[in-house]
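To be precise, the following lines are my_file_3.cif, and they hold mmCIF, C-alpha atoms.
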```cif
data_entry
loop_
_atom_site.label_atom_id
_atom_site.label_comp_id
_atom_site.auth_asym_id
_atom_site.auth_seq_id
_atom_site.Cartn_x
_atom_site.Cartn_y
_atom_site.Cartn_z
CA MET A 1 111.24 173.87 32.42
CA ILE A 2 111.15 171.72 35.49
CA HIS A 3 108.93 172.98 38.27
CA THR A 4 110.17 171.82 41.63
CA ALA A 5 108.97 172.59 45.07
CA THR A 6 110.94 175.21 46.92
CA ILE A 7 112.82 173.73 49.77
CA SER A 8 114.44 175.38 52.69
CA GLU A 9 118.17 175.42 53.06
CA PHE A 10 119.95 172.56 54.72
CA PRO A 11 121.31 173.18 58.19
CA HIS A 12 124.71 174.81 58.44
CA SER A 13 126.19 171.50 59.53
CA VAL A 14 125.64 170.17 56.05
CA ASP A 15 128.16 171.18 53.46
CA HIS A 16 127.08 174.09 51.29
CA ALA A 17 128.24 172.38 48.12
CA PHE A 18 126.19 169.33 48.89
CA ASN A 19 123.18 171.53 49.57
CA ARG A 20 123.54 173.11 46.16
CA VAL A 21 123.88 169.75 44.41
CA PHE A 22 120.90 168.37 46.26
CA THR A 23 118.72 171.34 45.34
CA GLU A 24 119.73 171.13 41.71
CA HIS A 25 119.42 167.37 41.22
CA GLN A 26 116.64 166.31 43.52
CA ALA A 27 114.00 166.69 40.81
CA PRO A 28 115.58 164.47 38.13
CA VAL A 29 116.52 161.85 40.71
CA LEU A 30 113.04 161.75 42.23
CA ARG A 31 111.33 161.82 38.84
CA THR A 32 113.46 159.02 37.41
CA ALA A 33 112.91 156.88 40.48
CA TYR A 34 109.17 157.55 40.29
CA ARG A 35 108.96 156.59 36.61
CA MET A 36 110.91 153.45 37.32
CA THR A 37 109.06 152.32 40.43
CA GLY A 38 105.64 153.79 39.75
CA ASN A 39 104.98 155.26 43.19
CA TRP A 40 106.28 158.18 45.21
CA PRO A 41 107.15 156.47 48.53
CA ASP A 42 109.53 154.04 46.82
CA ALA A 43 110.92 156.89 44.74
CA GLU A 44 111.63 158.89 47.92
CA ASP A 45 113.42 155.92 49.52
CA ILE A 46 115.60 155.43 46.45
CA ALA A 47 116.37 159.13 46.11
CA GLN A 48 117.33 159.22 49.77
CA GLN A 49 119.81 156.38 49.25
CA VAL A 50 121.21 158.13 46.20
CA PHE A 51 121.97 161.36 48.05
CA ILE A 52 123.31 159.57 51.12
CA ARG A 53 125.73 157.76 48.86
CA LEU A 54 126.64 161.03 47.22
CA HIS A 55 127.37 162.59 50.61
CA ARG A 56 129.60 159.67 51.62
CA ASN A 57 131.22 159.47 48.20
CA GLY A 58 132.02 163.15 48.07
CA LEU A 59 131.64 165.64 45.29
CA ASP A 60 134.89 164.90 43.56
CA PHE A 61 133.61 164.86 39.98
CA PRO A 62 135.51 166.23 37.01
CA ASN A 63 132.50 168.18 35.72
CA HIS A 64 128.77 168.68 36.06
CA ALA A 65 127.94 166.07 33.43
CA ALA A 66 129.88 163.43 35.31
CA LEU A 67 127.99 164.24 38.50
CA ALA A 68 124.62 164.05 36.73
CA SER A 69 125.59 160.79 35.05
CA TRP A 70 126.66 159.33 38.40
CA LEU A 71 123.34 160.32 40.00
CA TYR A 72 121.29 158.79 37.19
CA ARG A 73 123.37 155.62 37.22
CA VAL A 74 123.02 155.10 40.97
CA THR A 75 119.29 155.82 40.76
CA VAL A 76 118.72 153.28 38.00
CA ASN A 77 120.88 150.67 39.71
CA LEU A 78 119.00 151.04 42.98
CA CYS A 79 115.70 150.69 41.12
CA MET A 80 117.02 147.54 39.45
CA ASP A 81 118.07 146.16 42.83
CA GLN A 82 114.58 146.83 44.13
CA PHE A 83 113.08 145.01 41.15
CA ARG A 84 115.24 142.01 41.89
CA SER A 85 114.43 141.96 45.59
CA SER A 86 110.69 142.31 45.02
CA TRP A 87 109.78 139.72 42.42
CA GLU A 88 107.20 141.69 40.46
CA MET A 89 106.99 145.37 41.06
CA VAL A 90 104.22 146.78 38.93
CA SER A 91 102.73 149.55 40.92
CA VAL A 92 99.38 150.93 40.04
CA PRO A 93 99.90 154.51 38.89
CA GLU A 94 98.42 157.15 41.04
CA LEU A 95 95.22 158.36 39.45
CA PRO A 96 94.80 162.10 38.99
CA SER A 97 92.40 164.06 41.06
CA LEU A 98 89.10 164.45 39.25
CA ALA A 99 87.78 167.33 41.29
CA ARG A 100 88.87 170.31 39.25
CA SER A 101 89.87 168.65 36.01
CA SER A 102 88.16 169.48 32.78
CA GLU A 103 87.16 166.67 30.45
CA SER A 104 90.20 167.09 28.19
CA GLU A 105 92.53 167.19 31.15
CA LEU A 106 90.84 164.13 32.56
CA ILE A 107 91.37 162.23 29.31
CA ARG A 108 95.00 163.31 29.20
CA GLU A 109 95.62 162.21 32.77
CA GLN A 110 93.96 158.89 32.09
CA GLU A 111 96.22 158.39 29.08
CA LYS A 112 99.25 159.16 31.23
CA ALA A 113 98.06 156.67 33.80
CA GLN A 114 97.65 154.04 31.09
CA LEU A 115 101.10 154.85 29.75
CA MET A 116 102.61 154.53 33.23
CA ALA A 117 100.88 151.19 33.70
CA ALA A 118 102.25 150.01 30.37
CA LEU A 119 105.69 151.32 31.27
CA ALA A 120 105.63 149.24 34.44
CA GLN A 121 105.18 146.09 32.36
CA LEU A 122 108.38 146.61 30.38
CA PRO A 123 111.55 144.72 31.23
CA PRO A 124 113.73 146.79 33.60
CA ARG A 125 116.46 147.52 31.06
CA GLU A 126 114.00 148.71 28.43
CA ARG A 127 112.14 150.73 31.05
CA ALA A 128 115.35 152.43 32.17
CA ALA A 129 116.34 153.19 28.58
CA ILE A 130 113.03 154.77 27.67
CA VAL A 131 112.71 156.71 30.94
CA LEU A 132 116.15 158.24 30.52
CA ARG A 133 115.86 158.81 26.78
CA GLU A 134 112.25 159.89 26.38
CA ILE A 135 111.17 161.32 29.73
CA GLU A 136 114.47 162.74 30.99
CA GLY A 137 115.45 163.77 27.48
CA LEU A 138 119.03 162.55 27.66
CA SER A 139 121.01 161.79 24.54
CA THR A 140 121.54 158.24 23.38
CA ALA A 141 125.24 158.45 24.28
CA GLU A 142 124.44 159.68 27.79
CA VAL A 143 121.93 156.87 28.31
CA ALA A 144 124.48 154.36 27.06
CA GLU A 145 127.06 155.65 29.52
CA ILE A 146 124.60 155.52 32.41
CA LEU A 147 123.44 151.99 31.59
CA GLY A 148 126.94 150.77 30.77
CA SER A 149 126.06 149.76 27.22
CA THR A 150 126.53 151.04 23.69
CA PRO A 151 124.46 153.65 21.82
CA GLY A 152 123.33 150.98 19.39
CA THR A 153 122.03 148.86 22.23
CA VAL A 154 120.19 151.84 23.68
CA ARG A 155 118.56 152.64 20.34
CA SER A 156 117.48 149.02 20.03
CA GLN A 157 116.09 148.99 23.58
CA VAL A 158 114.15 152.21 23.02
CA ALA A 159 112.68 150.92 19.75
CA HIS A 160 111.66 147.64 21.41
CA ALA A 161 110.18 149.53 24.34
CA MET A 162 108.11 151.77 22.07
CA ALA A 163 106.79 148.75 20.20
CA HIS A 164 105.95 147.02 23.49
CA LEU A 165 104.17 150.09 24.79
CA GLN A 166 102.08 150.41 21.64
CA ALA A 167 101.19 146.74 21.80
CA ILE A 168 100.21 146.96 25.46
CA LEU A 169 98.15 150.11 24.98
CA SER A 170 96.38 148.81 21.86
CA GLY A 171 95.60 145.59 23.71
CA GLU A 172 94.09 147.51 26.56
CA ARG A 173 91.96 149.52 24.18
CA GLY A 174 90.91 146.47 22.19
CA MET B 1 97.54 155.53 21.06
CA ASN B 2 100.11 156.05 18.33
CA GLU B 3 103.82 156.64 18.76
CA GLU B 4 103.54 160.40 18.35
CA ARG B 5 101.01 160.58 21.14
CA ILE B 6 103.28 158.52 23.37
CA HIS B 7 106.17 160.91 22.74
CA GLU B 8 103.93 163.84 23.54
CA LEU B 9 102.82 162.29 26.82
CA PHE B 10 106.42 161.54 27.74
CA ARG B 11 107.32 165.20 27.23
CA GLU B 12 104.46 166.25 29.46
CA MET B 13 105.63 163.82 32.12
CA ARG B 14 109.04 165.44 32.03
CA GLU B 15 107.52 168.80 32.89
CA GLU B 16 105.22 167.57 35.61
CA PRO B 17 105.89 169.09 39.02
CA ILE B 18 107.10 166.91 41.81
CA PRO B 19 104.80 166.79 44.83
CA PRO B 20 106.16 169.17 47.49
CA ALA B 21 105.49 166.58 50.18
CA SER B 22 107.87 164.17 48.48
CA VAL B 23 110.58 166.79 48.24
CA GLN B 24 110.25 167.78 51.89
CA SER B 25 110.16 164.16 52.98
CA LEU B 26 113.31 163.48 50.99
CA GLN B 27 115.09 166.50 52.46
CA GLN B 28 114.22 165.53 56.02
CA ALA B 29 115.31 161.94 55.52
CA VAL B 30 118.63 162.94 53.94
CA THR B 31 119.30 165.51 56.66
CA GLU B 32 118.67 162.95 59.41
CA GLN B 33 120.91 160.43 57.75
CA ILE B 34 123.73 162.94 57.32
CA ARG B 35 123.49 164.23 60.87
CA ARG B 36 123.43 160.76 62.37
CA PRO B 37 126.96 159.82 63.26
CA ARG B 38 128.12 156.58 61.95
CA SER B 39 128.33 153.98 64.65
CA SER B 40 131.76 152.93 65.74
CA ALA B 41 131.03 149.37 64.71
CA ARG B 42 130.38 150.45 61.13
CA ARG B 43 133.27 152.88 61.19
CA TRP B 44 135.81 150.34 62.42
CA GLY B 45 134.14 147.25 61.04
CA TRP B 46 136.11 147.06 57.83
CA PRO B 47 139.54 147.83 59.28
CA LEU B 48 139.02 145.39 62.12
CA GLY B 49 137.80 142.70 59.77
CA LEU B 50 140.78 143.20 57.47
CA ALA B 51 143.19 143.11 60.40
CA ALA B 52 141.66 139.89 61.71
CA ALA B 53 141.82 138.27 58.27
CA ALA B 54 145.47 139.34 57.85
CA SER B 55 146.36 137.94 61.28
CA ILE B 56 144.73 134.61 60.49
CA MET B 57 146.58 134.37 57.19
CA ALA B 58 149.90 135.25 58.82
CA LEU B 59 149.40 132.60 61.48
CA ALA B 60 148.48 130.03 58.84
CA ILE B 61 151.63 130.84 56.82
CA LEU B 62 153.86 130.66 59.89
CA TRP B 63 152.31 127.38 60.94
CA GLN B 64 152.95 125.85 57.53
CA ALA B 65 156.53 127.15 57.41
CA SER B 66 157.54 125.83 60.83
CA PRO B 67 158.89 122.21 61.03
CA LYS B 68 156.43 119.70 62.22
CA PRO B 69 157.11 118.58 65.78
CA VAL B 70 158.07 114.98 66.43
CA GLU B 71 155.14 113.07 67.63
CA PRO B 72 155.74 111.94 71.18
CA GLN B 73 155.77 108.23 71.84
CA GLN B 74 152.86 106.87 73.61
CA ILE B 75 153.55 106.42 77.25
CA THR B 76 151.55 103.64 78.71
CA ALA B 77 152.24 104.42 82.33
CA ALA B 78 154.24 106.96 84.12
CA PRO B 79 157.39 105.49 85.63
CA THR B 80 157.27 105.19 89.34
CA ILE B 81 160.37 105.82 91.33
CA SER B 82 160.40 104.09 94.66
CA THR B 83 162.48 105.77 97.19
CA PRO B 84 164.33 103.25 99.33
CA LYS B 85 163.71 103.37 102.95
CA PRO B 86 166.60 104.68 104.94
CA LEU B 87 168.73 101.98 106.40
CA PRO B 88 168.69 101.59 110.12
CA ALA B 89 171.52 103.24 111.82
CA LEU B 90 174.39 100.94 112.63
CA PRO B 91 175.14 100.33 116.26
CA LEU B 92 178.20 102.04 117.49
CA GLU B 93 179.77 98.81 118.79
CA MET B 94 180.47 96.11 116.29
CA ALA B 95 178.77 92.87 117.08
CA GLN B 96 180.90 89.84 117.53
CA VAL B 97 180.04 87.36 114.83
CA LYS B 98 180.95 83.78 115.54
CA THR B 99 182.25 82.04 112.52
CA ASP B 100 182.82 78.32 112.09
CA PRO B 101 186.40 77.13 112.05
CA PRO B 102 187.72 76.05 108.69
CA ARG B 103 187.14 72.45 107.88
CA ALA B 104 190.11 70.18 107.81
CA SER B 105 189.16 68.11 104.87
CA SER B 106 187.43 70.02 102.21
CA GLN B 107 186.06 68.31 99.18
CA PRO B 108 187.86 69.11 95.91
CA VAL B 109 186.10 71.48 93.66
CA LYS B 110 185.11 70.08 90.33
CA ARG B 111 185.96 72.30 87.48
CA VAL B 112 184.69 72.14 83.99
CA VAL B 113 187.51 72.32 81.51
CA ILE B 114 186.61 73.56 78.10
CA ALA B 115 188.96 72.16 75.58
CA LYS B 116 190.46 74.68 73.25
CA PRO B 117 190.48 73.84 69.58
CA VAL B 118 193.73 72.32 68.65
CA ILE B 119 195.33 74.01 65.71
CA PRO B 120 197.99 71.89 64.17
CA PRO B 121 201.34 73.57 63.81
CA ALA B 122 202.38 74.78 60.45
CA VAL B 123 204.60 72.39 58.60
CA THR B 124 207.39 73.95 56.70
CA GLU B 125 208.67 72.07 53.73
CA LYS B 126 211.75 73.08 51.91
CA LYS B 127 212.04 72.44 48.23
CA SER B 128 215.10 72.04 46.31
CA ASP B 129 214.78 75.24 44.39
CA ASP B 130 215.12 77.32 47.58
CA ASN B 131 211.40 77.93 47.64
CA ILE B 132 209.69 77.82 50.97
CA LEU B 133 206.39 76.09 51.14
CA ILE B 134 204.31 76.55 54.20
CA ARG B 135 201.42 74.21 54.62
CA VAL B 136 198.78 75.13 57.08
CA GLU B 137 196.21 72.54 57.99
CA THR B 138 192.93 73.76 59.34
CA GLU B 139 190.34 72.01 61.41
CA ASP B 140 188.59 71.04 58.25
CA PRO B 141 190.59 68.19 56.74
CA ASP B 142 189.50 69.18 53.30
CA VAL B 143 190.95 72.68 53.61
CA VAL B 144 194.73 73.11 53.50
CA ILE B 145 196.43 76.46 53.09
CA LEU B 146 199.68 76.44 51.20
CA LEU B 147 201.98 79.45 51.34
CA VAL B 148 204.80 79.58 48.85
CA GLY B 149 207.72 81.90 49.47
CA GLU B 150 210.55 82.54 47.06
#
```

Mind converting the file's structure to C-alpha cells?
Amino acid sequence: MIHTATISEFPHSVDHAFNRVFTEHQAPVLRTAYRMTGNWPDAEDIAQQVFIRLHRNGLDFPNHAALASWLYRVTVNLCMDQFRSSWEMVSVPELPSLARSSESELIREQEKAQLMAALAQLPPRERAAIVLREIEGLSTAEVAEILGSTPGTVRSQVAHAMAHLQAILSGERG
Amino acid sequence: MNEERIHELFREMREEPIPPASVQSLQQAVTEQIRRPRSSARRWGWPLGLAAAASIMALAILWQASPKPVEPQQITAAPTISTPKPLPALPLEMAQVKTDPPRASSQPVKRVVIAKPVIPPAVTEKKSDDNILIRVETEDPDVVILLVGE
C-alpha cells in the first residue's frame, strides 16, 4: 500500500478530472523520478513538468493503463534528458535520520542508502528498467512498452542491472 | 548483500512514504503553472512562424516561375537634349538685299563623265537547219554565252 501525503484540493479553476488524476498518480511519478535522480528537488521539478505536460496534452486516454503508461514514459524520458544535460548525475542519497531509529532500522536504512548509491551508478536504461520493474512493480511487458523496447530486452537489462548492483555492493563491502 | 536482500529492499522502497513537503511543493508549482496564462508570443509563435515560412516558400516559387527580366544595357551617360534657342523674331519689313548682276562670261563647268560599261550587242547567227544561235559576248573575252533556239 502506498502511503502518500494528503493534499488539499486544487482550486476550482483547475479541471476536476485533472485534480483526480494528479492525486492518484503523483506518488508513482514522484517516486520514480526520485529513484532515477536520487534527490527530491530534482524529482519535484521532473514531476512538475510531467503534470504540466499532462494538463496541456489533455486526458484523452483510452483507459487507465494507457494514462499510467504515458506518465511513466514521460517521467523516465525527462530523467534521461536530465542525465544527458548534466554529464554525470550521481546524487548522494539522503541519509536517514538517526535520532529515533533503532539499530536494526539504522542498518536497514544504511543498506537502502547503499543500494540507492549503487543504483545511481547504473547506466540510465538499466536504471530505468530496474526502477520500473523492481521498485514500481510493473510487469515486464509494461516496462517494455514504457521504454519502447521488447520484453526480452527488459529482462536482459534487469538481469544485467542486478548483477551490476551486486558487484558494486560487494565491492563497497570488500 | 545477496540478490534476495536487494529484492526485499526494493519492495520496502516501493512502500516508503513520500515526504509531504515534496507533495505540497509539487502541487503549488503545478497550480501556478496551470493558472499562468500562456503568453501571446508562445500562443501565436508556432502559427506565425509557419505562416512566415509558407510565405517565404511561396515567394521563392513565384520568383523561380516568373521569366527572368532582360538585363538592361549599360548606359554610359545619360543623353543630353539641348533645346535650341528661339530664333530672333524677323523684322516686319523685308530688308533689301543687293545682289551682284550676273556675269557675262561664265566659265564652263567641268563635269566628270563616268563611262558606262559597253556591252556588245548580241550577234544572231542563223544556221541552215532553221536553228537560231544567239551568241552573247561578255566583258570577259573568255566567256561567251551561246543560246540555241529551235

Of the residues A:Glu136, A:Ala47, A:Gly38, A:Ile107, which is the one nearest to Glu15 in chain B, using only C-alpha atoms?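 Result for the nearest residue to Glu15 in chain B: A:Glu136.
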
Do you have, as a Markdown table, the list of residues of chain B lying at most 10 Å from chain A, each with its nearest atom pair and that distance in Å to one decimal, counting all atoms listed in the file and ordered by chain then number?
```
| residue | atom | partner | partner_atom | distance |
| --- | --- | --- | --- | --- |
| B:Met1 | CA | A:Leu169 | CA | 6.7 |
| B:Asn2 | CA | A:Gln166 | CA | 6.8 |
| B:Glu3 | CA | A:Gln166 | CA | 7.1 |
| B:Arg5 | CA | A:Glu111 | CA | 9.5 |
| B:Ile6 | CA | A:Leu115 | CA | 7.7 |
| B:His7 | CA | A:Glu134 | CA | 7.2 |
| B:Glu8 | CA | A:Glu134 | CA | 9.6 |
| B:Leu9 | CA | A:Lys112 | CA | 6.5 |
| B:Phe10 | CA | A:Ile135 | CA | 5.2 |
| B:Arg11 | CA | A:Ile135 | CA | 6.0 |
| B:Glu12 | CA | A:Ile135 | CA | 8.3 |
| B:Met13 | CA | A:Ile135 | CA | 6.5 |
| B:Arg14 | CA | A:Ile135 | CA | 5.2 |
| B:Glu15 | CA | A:Ile2 | CA | 5.3 |
| B:Glu16 | CA | A:His3 | CA | 7.1 |
| B:Pro17 | CA | A:His3 | CA | 5.0 |
| B:Ile18 | CA | A:Thr4 | CA | 5.8 |
| B:Pro19 | CA | A:Ala5 | CA | 7.1 |
| B:Pro20 | CA | A:Ala5 | CA | 5.0 |
| B:Ala21 | CA | A:Ala5 | CA | 8.6 |
| B:Ser22 | CA | A:Glu44 | CA | 6.5 |
| B:Val23 | CA | A:Ala5 | CA | 6.8 |
| B:Gln24 | CA | A:Ile7 | CA | 6.8 |
| B:Ser25 | CA | A:Glu44 | CA | 7.5 |
| B:Leu26 | CA | A:Glu44 | CA | 5.8 |
| B:Gln27 | CA | A:Ile7 | CA | 8.0 |
| B:Gln28 | CA | A:Phe10 | CA | 9.2 |
| B:Ala29 | CA | A:Gln48 | CA | 6.7 |
| B:Val30 | CA | A:Gln48 | CA | 5.7 |
| B:Thr31 | CA | A:Phe10 | CA | 7.3 |
| B:Gln33 | CA | A:Ile52 | CA | 7.1 |
| B:Ile34 | CA | A:Ile52 | CA | 7.1 |
| B:Arg35 | CA | A:Ser13 | CA | 7.9 |
```

Residue IDs satisfying the PyMOL selection byres ((chain A and resi 120-123) around 8), as a PyMOL selection string: chain A and resi 36-38+89-91+116-119+124-127+161+164-165

Write a file of the just-selected residues containing C-alpha atoms, as a PDB file, in the frame of the given file.
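Contents of selection08.pdb, as written:
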```pdb
ATOM      1  CA  MET A  36     110.910 153.450  37.320  1.00  0.00           C
ATOM      2  CA  THR A  37     109.060 152.320  40.430  1.00  0.00           C
ATOM      3  CA  GLY A  38     105.640 153.790  39.750  1.00  0.00           C
ATOM      4  CA  MET A  89     106.990 145.370  41.060  1.00  0.00           C
ATOM      5  CA  VAL A  90     104.220 146.780  38.930  1.00  0.00           C
ATOM      6  CA  SER A  91     102.730 149.550  40.920  1.00  0.00           C
ATOM      7  CA  MET A 116     102.610 154.530  33.230  1.00  0.00           C
ATOM      8  CA  ALA A 117     100.880 151.190  33.700  1.00  0.00           C
ATOM      9  CA  ALA A 118     102.250 150.010  30.370  1.00  0.00           C
ATOM     10  CA  LEU A 119     105.690 151.320  31.270  1.00  0.00           C
ATOM     11  CA  PRO A 124     113.730 146.790  33.600  1.00  0.00           C
ATOM     12  CA  ARG A 125     116.460 147.520  31.060  1.00  0.00           C
ATOM     13  CA  GLU A 126     114.000 148.710  28.430  1.00  0.00           C
ATOM     14  CA  ARG A 127     112.140 150.730  31.050  1.00  0.00           C
ATOM     15  CA  ALA A 161     110.180 149.530  24.340  1.00  0.00           C
ATOM     16  CA  HIS A 164     105.950 147.020  23.490  1.00  0.00           C
ATOM     17  CA  LEU A 165     104.170 150.090  24.790  1.00  0.00           C
TER      18      LEU A 165
END
```

Local residues around (122.7, 152.8, 43.0), at most 10 Å away, using only C-alpha atoms, as a PyMOL selection string: chain A and resi 46-47+49-51+53+70-81

Interatomic distance between CA of Asp60 in chain A and CA of Ala141 in chain A?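 Computing the Euclidean distance for CA of Asp60 in chain A and CA of Ala141 in chain A yields 22.5 Å.
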
For CA of Ala65 in chain A and CA of Asp15 in chain A, quote the distance in Å rounded to one decimal.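 Going from CA of Ala65 in chain A over to CA of Asp15 in chain A, I get 20.7 Å.
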